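A.B. asks: The following block contains the structure, expressed as structure tokens.
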Amino acid sequence: MRTYLRSPSRTAAHASPARQLPCQVVTVSGQMSQELAQIIGFAAHPTVHSIENIDHAFDSDDEIVLFDLDLALGAAVAAVREALATHRDRPKRLIFIVDPNRRAPRFQAGVLGASTVLPRPLQLSQLRDALQPRPAGMHEDIKLTPQQERYFGTSSAAMELVNKLAQGMGDASPGALKHEARELMASFDALGLEGWLHTMRAHHDATFQHCLIVTGTATAFARHLGFHDSDVERLTLGALLHDVGKARIPLSILEKPGPLNAMEEKIMRTHPRLGADILTSAGDFDQELMDIVLHHHELLDGAGYPDGLSGDEISDVVRLTTICDVFGALMERRSYKPPMARDQAFAVLVDMGPKLDQLLVKAFKPIALETH
Ligand SMILES: [Fe+2]
Ligand SMILES: [Fe+2]
């Protein structure tokens with residue numbers, strides 16, 4: 001499919017197979033970057049391809065392709081996208097090295113289907129972990145039907161717009177976001193909650209997966225409660241945007257595969273306020289949306305954040321979103337945790353007692369257990 005083959009693939013022929021890195025590396029030049037060479041150069045001799053020769057990486061029998069590219073470069077992204085489409089029959093684990101302080105490349109890696117995103121500066125231990133064979137039960141990828149793949153694409157488009165909003169890019173207007181919310185509702189109606197959860201769990205980016213699972217759950221709940229279409233749409237959009245503030249939280253905290261320490265937790269807890277700031281600077285978003293973004297971590301007993309609201313200070317629409325948010329977090333599939341069973345997840349909501357609106361939790365039961 002590619003007609004230009006300017007630089008040949010460089011294979012370190014002298015490397016013994018035992019010391020060969022178990023992956024193919026793609027860089028802009030076909031040479032390892034200094035950073036990557038410093039980390040792994042002494043230990044192994046990877047096969048490195050230039051972006052023009054990306055097809056060679058996919059033709060290889062190695063399961064992993066490691067990208068050391070600047071994903072802010074449109075041409076690089078286009079080449080990766082084209083190679084993924086051409087080699088659909090040879091699915092690979094994709095590892096991208098990105099600058100954690102730049103949201104666009106990180107998000108782009110997620111949209112391209114990254115199995116792992118490694119932050120710069122690169123750590124050898126993280127790279128080693130990423131190159132490990134997957135543990136039993138994690139090896140098989142989630143299989144999607146063509147219909148599910150189509151809706152996966154719709155979701156990617158919606159999240160791309162959310163990302164643009166977070167970056168203050170003008171084309172993420174409230175009107176465009178409402179349009180995406182309607183598209184998501186249509187996708188959701190076609191898939192149902194179970195199909196939706198399955199589809200979104202196929203995405204490796206934790207924030208992407210979370211936002212879309214909460215969105216589908218909120219759509220299902222609003223439909224079940226008999227909301228008018230316009231109200232379902234408002235709630236769907238609120239759920240889609242509820243964590244937009246996470247766009248400004250460092251990747252090392254967002255993707256940490258374990259509990260956060262006190263300082264990291266403090267930073268994480270700034271995301272509702274950051275999200276509200278993003279909406280304020282974008283302008284033209286209604287108060288209800290602002291309320292969802294700012295207050296979805298408030299709890300009825302006053303133990304939530306950022307404002308420590310309690311009881312009647314928390315609106316119905318926020319209470320409803322909070323239930324979907326907690327349920328969504330439990331339903332997520334992460335590399336270190338499988339999704340919780342639905343009945344167990346519902347039991348967690350019940351166990352939270354006075355923190356949540358238990359009348360709403362009761363109304364949510366048929367959604368949680370999918371008996372509606
Ligand atoms: Fe949140
Ligand atoms: Fe959330």
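Residues are named by chain letter and number: chains run A, B, ... in the order of the structure tokens, numbers start at 1 in each chain, and ligands are numbered from 1 in the order shown.
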Give the residues close to ligand 2, within 8 Å, counting only C-alpha atoms and all ligand atoms; write them as a list in words.
C.D. replies: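 Using only C-alpha atoms and all ligand atoms, everything at most 8 Å from ligand 2 comes to His210, Cys211, Val214, His242, Asp243, His296, Asp325, Val326, Gly328 and Ala329 of chain A.
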A.B. asks: Identify all residues of range 173-327 of chain A in alpha helix (DSSP H) (DSSP on the backbone) and supply them as an MDAnalysis selection string.
C.D. replies: chainID A and resid 174:201 206:224 229:241 251:254 262:268 271:282 287:295 316:327
A.B. asks: Enter the distance from CA of Ser60 in chain A to CA of Ala76 in chain A, in Å, rounded to one decimal.
C.D. replies: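 Computing the Euclidean distance for CA of Ser60 in chain A and CA of Ala76 in chain A yields 19.8 Å.
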A.B. asks: List the spatial neighbours of range 261-275 of chain A as a list in words - criterion: any atom at most 6 Å away, only C-alpha atoms, same-chain residues fewer than 2 positions off excluded.
C.D. replies: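 In the requested format, the answer is Val244, Gly245, Lys246, Asp277, Ile278, Val293 and Leu294 of chain A.
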A.B. asks: Would you mind exporting all heavy atoms of the selected residues as a CSV table (one decimal), in the first residue's frame?
C.D. replies:
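Dumped to again20.csv:
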```csv
chain,number,residue,atom,x,y,z
A,244,VAL,N,-14.2,15.8,32.3
A,244,VAL,CA,-13.4,16.5,31.3
A,244,VAL,C,-12.2,17.1,32.0
A,244,VAL,O,-11.1,17.3,31.4
A,244,VAL,CB,-14.2,17.6,30.6
A,244,VAL,CG1,-14.8,18.6,31.5
A,244,VAL,CG2,-13.4,18.2,29.4
A,245,GLY,N,-12.3,17.4,33.3
A,245,GLY,CA,-11.2,18.0,34.1
A,245,GLY,C,-10.0,17.1,34.2
A,245,GLY,O,-8.9,17.5,34.5
A,246,LYS,N,-10.2,15.8,34.0
A,246,LYS,CA,-9.1,14.8,34.1
A,246,LYS,C,-8.1,15.1,32.9
A,246,LYS,O,-7.0,14.6,33.0
A,246,LYS,CB,-9.6,13.4,34.0
A,246,LYS,CG,-10.2,12.9,35.3
A,246,LYS,CD,-10.6,11.4,35.2
A,246,LYS,CE,-11.2,11.0,36.6
A,246,LYS,NZ,-11.7,9.6,36.4
A,277,ASP,N,-13.8,24.8,35.2
A,277,ASP,CA,-13.1,25.9,34.6
A,277,ASP,C,-13.1,25.8,33.1
A,277,ASP,O,-13.2,26.7,32.3
A,277,ASP,CB,-11.6,25.9,35.1
A,277,ASP,CG,-11.5,26.3,36.6
A,277,ASP,OD1,-12.5,26.8,37.1
A,277,ASP,OD2,-10.4,26.1,37.2
A,278,ILE,N,-12.9,24.5,32.6
A,278,ILE,CA,-12.9,24.3,31.2
A,278,ILE,C,-14.2,24.7,30.6
A,278,ILE,O,-14.3,25.4,29.5
A,278,ILE,CB,-12.6,22.8,30.9
A,278,ILE,CG1,-11.1,22.4,31.2
A,278,ILE,CG2,-12.9,22.4,29.4
A,278,ILE,CD1,-10.8,21.0,31.2
A,293,VAL,N,-20.6,18.5,36.2
A,293,VAL,CA,-19.1,18.4,36.2
A,293,VAL,C,-18.5,18.8,37.5
A,293,VAL,O,-17.5,18.1,38.0
A,293,VAL,CB,-18.6,19.3,35.0
A,293,VAL,CG1,-17.1,19.5,35.1
A,293,VAL,CG2,-19.0,18.8,33.7
A,294,LEU,N,-19.0,19.8,38.2
A,294,LEU,CA,-18.4,20.3,39.4
A,294,LEU,C,-18.7,19.4,40.6
A,294,LEU,O,-17.9,19.3,41.5
A,294,LEU,CB,-18.9,21.8,39.6
A,294,LEU,CG,-18.2,22.5,40.8
A,294,LEU,CD1,-16.7,22.5,40.7
A,294,LEU,CD2,-18.8,23.9,40.9
```
A.B. asks: Hey, which of A:Ala109, A:Ala239, A:Val77, A:Leu118 ends up closest to ligand 1? Count only C-alpha atoms and all ligand atoms.
C.D. replies: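 Result for the nearest residue to ligand 1: A:Ala239.
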A.B. asks: To one decimal place in Å, what is the distance between CA of Leu289 in chain A and CA of Gly353 in chain A?
C.D. replies: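 Computing the Euclidean distance for CA of Leu289 in chain A and CA of Gly353 in chain A yields 25.8 Å.
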A.B. asks: Per DSSP on the backbone, what are the strand (DSSP E) residues of range 34-254 of chain A, as an NGL selection string?
C.D. replies: :A and (47-50 or 64-68 or 93-98 or 116-119)
A.B. asks: Could you jot down the CA of Gln358 in chain A to CA of Glu298 in chain A separation for me, Å, one decimal place?
C.D. replies: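 CA of Gln358 in chain A sits 14.8 Å away from CA of Glu298 in chain A.
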A.B. asks: Quick one: residues within 12 Å of Ser156 in chain A, only C-alpha atoms, excluding same-chain residues fewer than 5 positions away - as a list in words?
C.D. replies: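 Near Ser156 in chain A, the qualifying residues are Phe107, Gln108, Ala109, Gly110, Val111, Leu112, Gly113, Glu149, Arg150, Tyr151, Leu161, Val162, Asn163, Glu180, Glu183, Leu184, Thr199, Met200, His203, Asp205, Thr207, Phe208, Gln209, Cys211, Leu212 and Leu240 of chain A.
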A.B. asks: If we count only C-alpha atoms, what is near Leu177 in chain A at a cut-off of 10 Å, once residues fewer than 2 positions away on the same chain are taken out, given as a PyMOL selection string?
C.D. replies: chain A and resi 158-159+161-162+165+171-175+179-183+237+240-241
A.B. asks: Out of A:Asp286, A:Glu313, A:Asp231, A:Asp301, which residue has the shortest atom-to-atom distance to Pro354 in chain A when counting only C-alpha atoms?
C.D. replies: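 Smallest separation from Pro354 in chain A among the options: A:Asp301.
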A.B. asks: Excluding range 252-258 of chain A and any residue of its chain fewer than 3 positions from it, enumerate the residues within 7 Å of it, using only C-alpha atoms, and give them as a list of chain:residue names.
C.D. replies: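 Here the answer would be A:Ala206, A:Ile249, A:Glu264, A:Tyr336.
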